[in-house]
file protein.tsv (TSV, C-alpha atoms)
chain	number	residue	atom	x	y	z
A	25	MET	CA	236.55	-11.86	200.63
A	26	LEU	CA	233.74	-11.59	198.08
A	27	SER	CA	234.39	-13.08	194.64
A	28	VAL	CA	233.23	-11.10	191.63
A	29	ASN	CA	233.21	-12.80	188.24
A	30	ILE	CA	232.44	-11.01	185.02
A	31	ILE	CA	231.45	-13.45	182.29
A	32	CYS	CA	231.43	-11.75	178.93
A	33	ILE	CA	231.20	-12.59	175.27
A	34	GLY	CA	234.21	-11.55	173.22
A	35	SER	CA	237.57	-10.11	174.04
A	36	LEU	CA	238.59	-6.47	174.15
A	37	LYS	CA	239.99	-5.31	170.85
A	38	GLU	CA	240.87	-1.69	171.61
A	39	LYS	CA	243.96	-0.94	173.67
A	40	TYR	CA	242.35	1.99	175.50
A	41	LEU	CA	239.51	-0.28	176.68
A	42	THR	CA	241.98	-2.94	177.81
A	43	MET	CA	243.98	-0.35	179.74
A	44	ALA	CA	240.85	1.00	181.45
A	45	CYS	CA	239.76	-2.51	182.45
A	46	GLU	CA	243.23	-3.32	183.78
A	47	GLU	CA	243.17	-0.18	185.94
A	48	TYR	CA	239.80	-1.03	187.53
A	49	ILE	CA	240.79	-4.69	187.96
A	50	LYS	CA	243.90	-3.53	189.83
A	51	ARG	CA	241.88	-1.16	192.03
A	52	LEU	CA	239.24	-3.82	192.77
A	53	GLY	CA	241.92	-6.17	194.12
A	54	ALA	CA	241.69	-4.32	197.45
A	55	PHE	CA	237.98	-5.15	197.80
A	56	CYS	CA	237.26	-8.47	196.15
A	57	LYS	CA	238.64	-11.44	194.30
A	58	LEU	CA	237.91	-10.48	190.69
A	59	LYS	CA	237.89	-12.76	187.65
A	60	VAL	CA	236.99	-11.88	184.08
A	61	THR	CA	235.94	-14.82	181.92
A	62	GLU	CA	235.92	-14.10	178.20
A	63	LEU	CA	233.92	-16.47	176.01
A	64	ASN	CA	234.13	-16.72	172.24
A	65	GLU	CA	231.97	-14.44	170.20
A	66	TYR	CA	229.89	-16.25	167.57
A	67	LYS	CA	231.17	-15.35	164.12
A	68	LEU	CA	228.57	-13.72	161.91
A	69	PRO	CA	228.72	-12.47	158.32
A	70	SER	CA	228.87	-8.71	157.79
A	71	ASN	CA	225.14	-8.53	156.97
A	72	PRO	CA	223.56	-11.25	159.14
A	73	SER	CA	219.96	-12.32	158.74
A	74	SER	CA	217.64	-12.32	161.71
A	75	SER	CA	217.86	-16.13	161.96
A	76	GLN	CA	221.67	-15.92	161.98
A	77	ILE	CA	221.50	-13.34	164.77
A	78	GLN	CA	219.12	-15.53	166.77
A	79	LYS	CA	221.49	-18.48	166.35
A	80	ALA	CA	224.43	-16.35	167.51
A	81	VAL	CA	222.56	-15.16	170.62
A	82	LEU	CA	221.55	-18.77	171.36
A	83	GLU	CA	225.10	-20.10	170.95
A	84	GLU	CA	226.61	-17.31	173.04
A	85	GLY	CA	223.93	-17.81	175.67
A	86	ASN	CA	224.60	-21.54	175.87
A	87	SER	CA	228.29	-20.74	176.24
A	88	ILE	CA	227.50	-18.50	179.23
A	89	LEU	CA	225.17	-21.10	180.75
A	90	SER	CA	227.88	-23.77	180.45
A	91	VAL	CA	230.22	-21.83	182.78
A	92	LEU	CA	227.57	-20.36	185.06
A	93	ASN	CA	227.43	-21.78	188.57
A	94	ALA	CA	223.91	-20.64	189.42
A	95	LYS	CA	223.72	-22.30	192.85
A	96	ASN	CA	226.81	-20.73	194.39
A	97	SER	CA	226.60	-17.26	192.96
A	98	TYR	CA	224.27	-14.29	192.80
A	99	ASN	CA	223.93	-13.77	189.05
A	100	ILE	CA	223.31	-10.37	187.49
A	101	ALA	CA	222.47	-10.22	183.78
A	102	MET	CA	223.40	-6.95	182.13
A	103	CYS	CA	220.61	-6.11	179.69
A	104	ILE	CA	218.98	-2.95	178.42
A	105	GLU	CA	215.52	-3.98	179.66
A	106	GLY	CA	216.83	-4.65	183.17
A	107	LYS	CA	216.31	-2.62	186.33
A	108	HIS	CA	217.91	0.82	186.56
A	109	LEU	CA	219.92	1.42	189.75
A	110	SER	CA	221.87	4.45	190.86
A	111	SER	CA	225.47	3.95	191.98
A	112	GLU	CA	224.32	4.14	195.60
A	113	GLN	CA	221.59	1.56	194.98
A	114	LEU	CA	224.08	-0.78	193.31
A	115	ALA	CA	226.38	-0.39	196.31
A	116	ARG	CA	223.53	-1.29	198.68
A	117	GLN	CA	222.61	-4.26	196.47
A	118	LEU	CA	226.19	-5.61	196.53
A	119	GLU	CA	226.34	-5.10	200.31
A	120	LYS	CA	223.01	-6.88	200.75
A	121	ILE	CA	224.21	-9.83	198.64
A	122	SER	CA	227.44	-10.08	200.62
A	123	VAL	CA	225.79	-9.76	204.05
A	124	GLY	CA	223.09	-12.22	202.94
A	125	GLY	CA	225.64	-15.01	202.79
A	126	GLN	CA	226.52	-15.12	199.10
A	127	SER	CA	230.27	-15.35	198.59
A	128	SER	CA	230.18	-14.80	194.85
A	129	ILE	CA	228.57	-12.32	192.47
A	130	CYS	CA	228.58	-12.99	188.74
A	131	PHE	CA	227.87	-10.31	186.15
A	132	LEU	CA	226.85	-11.54	182.69
A	133	ILE	CA	227.53	-9.46	179.57
A	134	GLY	CA	226.28	-10.76	176.22
A	135	GLY	CA	227.58	-10.11	172.75
A	136	SER	CA	226.69	-7.23	170.47
A	137	TYR	CA	223.17	-8.61	169.90
A	138	GLY	CA	222.39	-9.02	173.59
A	139	LEU	CA	221.77	-11.87	176.01
A	140	TYR	CA	219.87	-15.08	175.38
A	141	ASP	CA	216.52	-15.09	177.23
A	142	GLU	CA	217.42	-18.24	179.18
A	143	VAL	CA	220.45	-16.45	180.65
A	144	LYS	CA	218.21	-13.58	181.78
A	145	LYS	CA	215.76	-16.07	183.33
A	146	LYS	CA	218.53	-17.77	185.32
A	147	ALA	CA	219.77	-14.45	186.68
A	148	ASP	CA	218.81	-13.25	190.14
A	149	LEU	CA	218.73	-9.68	188.83
A	150	ASN	CA	218.51	-8.16	185.36
A	151	LEU	CA	220.38	-4.86	185.46
A	152	SER	CA	220.51	-2.05	182.92
A	153	MET	CA	223.24	0.57	182.82
A	154	SER	CA	221.09	2.94	180.81
A	155	SER	CA	218.30	3.16	178.29
A	156	MET	CA	221.01	4.16	175.82
A	157	THR	CA	222.87	1.56	173.79
A	158	PHE	CA	226.61	1.06	174.33
A	159	PRO	CA	229.12	-1.26	172.65
A	160	HIS	CA	229.36	-4.40	174.77
A	161	GLN	CA	233.12	-3.91	175.12
A	162	LEU	CA	232.60	-0.44	176.59
A	163	ALA	CA	229.94	-1.91	178.87
A	164	ARG	CA	232.66	-4.01	180.53
A	165	VAL	CA	234.68	-0.89	181.39
A	166	MET	CA	231.56	0.86	182.66
A	167	LEU	CA	230.59	-2.15	184.77
A	168	LEU	CA	234.06	-2.44	186.32
A	169	GLU	CA	233.99	1.27	187.17
A	170	GLN	CA	230.56	0.98	188.79
A	171	VAL	CA	231.56	-2.10	190.81
A	172	TYR	CA	234.66	-0.22	191.99
A	173	ARG	CA	232.50	2.82	192.83
A	174	ALA	CA	230.08	0.56	194.78
A	175	PHE	CA	232.93	-0.83	196.89
A	176	GLN	CA	234.20	2.71	197.49
A	177	ILE	CA	230.72	3.82	198.59
A	178	ASN	CA	230.37	0.83	200.93
A	179	ASN	CA	233.80	1.50	202.43
A	180	ASN	CA	233.30	5.27	202.76
A	181	GLY	CA	236.02	5.92	200.21
A	182	LYS	CA	236.70	9.31	198.65
A	183	TYR	CA	236.26	8.12	195.05
A	184	HIS	CA	232.48	8.67	195.07
A	185	LYS	CA	231.47	12.23	195.85

call {"tool": "encode", "arguments": {"input": "protein.tsv", "output": "structure tokens"}}
result
Amino acid sequence: MLSVNIICIGSLKEKYLTMACEEYIKRLGAFCKLKVTELNEYKLPSNPSSSQIQKAVLEEGNSILSVLNAKNSYNIAMCIEGKHLSSEQLARQLEKISVGGQSSICFLIGGSYGLYDEVKKKADLNLSMSSMTFPHQLARVMLLEQVYRAFQINNNGKYHK
């Protein structure tokens, strides 16, 4: 069974987001071994300077890199400048990774100021959900839904129409 790990900065603060994630995590249990790894968000003042933001992105990025097992996993960095894929294309990509011999896929979600460049460089794929900007906590829900949809597509499920 394929392992899917979502490494993300910060924890969910809103109950409705937590409930949505829990629902997709439950549904994904039929298709993969799913793990969500939450890493600490770097604390910033309410009006951070650009150097403080850069330091936060660096610290959060190093935190991601410290838990990333690049050799045993296909790593996908979630970033706005990444490649745009349709749901069907994502499904084909996940199938291709699985059939290609990888037993683990790792999705990387940065904090509210994005992902450190070194994390993006270590990724096998940089993926964008949209050209629009979303809160990184909502991005986790959206990612879980799209991974679930991809498994449904690959298994000819009725969820994706």

call {"tool": "residues_around", "arguments": {"input": "protein.tsv", "residues": "region 124-133 of chain A", "least_positions_apart": "4", "cutoff": "7 Å", "atoms": "all atoms listed in the file", "output": "list in words"}}
result
Leu26, Ser27, Val28, Asn29, Ile30, Ile31, Cys32, Ile33, Asn96, Ser97, Tyr98, Asn99, Ile100, Ala101, Met102 and Lys120 of chain A

call {"tool": "closest_residue", "arguments": {"input": "protein.tsv", "among": "A:Ser87, A:Tyr137, A:Ser152, A:Ala174", "to": "Pro72 (chain A)", "atoms": "all atoms listed in the file"}}
result
A:Tyr137

call {"tool": "closest_residue", "arguments": {"input": "protein.tsv", "among": "A:Phe55, A:Gly134, A:Glu47, A:Glu62", "to": "Ala80 (chain A)", "atoms": "all atoms listed in the file"}}
result
A:Gly134

call {"tool": "atom_distance", "arguments": {"input": "protein.tsv", "atom1": "CA of Asn64 (chain A)", "atom2": "CA of Lys39 (chain A)"}}
result
18.6 Å

call {"tool": "atom_distance", "arguments": {"input": "protein.tsv", "atom1": "CA of Glu142 (chain A)", "atom2": "CA of Ser90 (chain A)"}}
result
11.9 Å

call {"tool": "closest_residue", "arguments": {"input": "protein.tsv", "among": "A:Ser136, A:Leu63, A:Phe175, A:Gly181", "to": "Glu119 (chain A)", "atoms": "only C-alpha atoms"}}
result
A:Phe175

call {"tool": "residues_around", "arguments": {"input": "protein.tsv", "residues": "Ser154 (chain A)", "least_positions_apart": "6", "cutoff": "12 Å", "atoms": "only C-alpha atoms", "output": "list in words"}}
result
Met102, Cys103, Ile104, Glu105, Gly106, Lys107, His108, Leu109, Ser110, Ala163, Met166 and Leu167 of chain A

call {"tool": "residues_near_point", "arguments": {"input": "protein.tsv", "point": "(239.1, -4.7, 187.5)", "cutoff": "9 Å", "atoms": "only C-alpha atoms", "output": "count of residues only"}}
result
18

call {"tool": "atom_distance", "arguments": {"input": "protein.tsv", "atom1": "CA of Phe158 (chain A)", "atom2": "CA of Asn71 (chain A)"}}
result
19.9 Å

call {"tool": "residues_around", "arguments": {"input": "protein.tsv", "residues": "Asn178 (chain A)", "least_positions_apart": "4", "cutoff": "12 Å", "atoms": "all atoms listed in the file", "output": "list in words"}}
result
Phe55, Ser111, Glu112, Gln113, Leu114, Ala115, Arg116, Gln117, Leu118, Glu119, Lys120, Ser122, Val123, Val171, Tyr172, Arg173, Ala174, Lys182, Tyr183 and His184 of chain A

call {"tool": "write_last_selection", "arguments": {"input": "protein.tsv", "atoms": "C-alpha atoms", "output": "short mmCIF file (atom, residue, chain, number, x, y, z; two decimals), in the coordinates of the input"}}
result
data_model
loop_
_atom_site.label_atom_id
_atom_site.label_comp_id
_atom_site.auth_asym_id
_atom_site.auth_seq_id
_atom_site.Cartn_x
_atom_site.Cartn_y
_atom_site.Cartn_z
CA PHE A 55 237.98 -5.15 197.80
CA SER A 111 225.47 3.95 191.98
CA GLU A 112 224.32 4.14 195.60
CA GLN A 113 221.59 1.56 194.98
CA LEU A 114 224.08 -0.78 193.31
CA ALA A 115 226.38 -0.39 196.31
CA ARG A 116 223.53 -1.29 198.68
CA GLN A 117 222.61 -4.26 196.47
CA LEU A 118 226.19 -5.61 196.53
CA GLU A 119 226.34 -5.10 200.31
CA LYS A 120 223.01 -6.88 200.75
CA SER A 122 227.44 -10.08 200.62
CA VAL A 123 225.79 -9.76 204.05
CA VAL A 171 231.56 -2.10 190.81
CA TYR A 172 234.66 -0.22 191.99
CA ARG A 173 232.50 2.82 192.83
CA ALA A 174 230.08 0.56 194.78
CA LYS A 182 236.70 9.31 198.65
CA TYR A 183 236.26 8.12 195.05
CA HIS A 184 232.48 8.67 195.07
#

call {"tool": "closest_residue", "arguments": {"input": "protein.tsv", "among": "A:Leu139, A:Gly34, A:Thr61, A:Ser155", "to": "Leu92 (chain A)", "atoms": "only C-alpha atoms"}}
result
A:Thr61

call {"tool": "axis_aligned_box", "arguments": {"input": "protein.tsv", "around": "region 80-93 of chain A", "padding_each_side": "3 Å", "output": "AutoDock Vina command-line options"}}
result
--center_x 225.9 --center_y -19.5 --center_z 178.0 --size_x 14.7 --size_y 14.6 --size_z 27.1

call {"tool": "residues_around", "arguments": {"input": "protein.tsv", "residues": "region 73-79 of chain A", "least_positions_apart": "6", "cutoff": "10 Å", "atoms": "only C-alpha atoms", "output": "NGL selection string"}}
result
:A and (66-67 or 85 or 136-138 or 140)

call {"tool": "closest_residue", "arguments": {"input": "protein.tsv", "among": "A:Cys56, A:Gln170, A:Tyr40, A:Ile177", "to": "Met153 (chain A)", "atoms": "all atoms listed in the file"}}
result
A:Gln170

call {"tool": "closest_residue", "arguments": {"input": "protein.tsv", "among": "A:Asp141, A:Pro159, A:Leu82, A:Asn179", "to": "Leu36 (chain A)", "atoms": "only C-alpha atoms"}}
result
A:Pro159
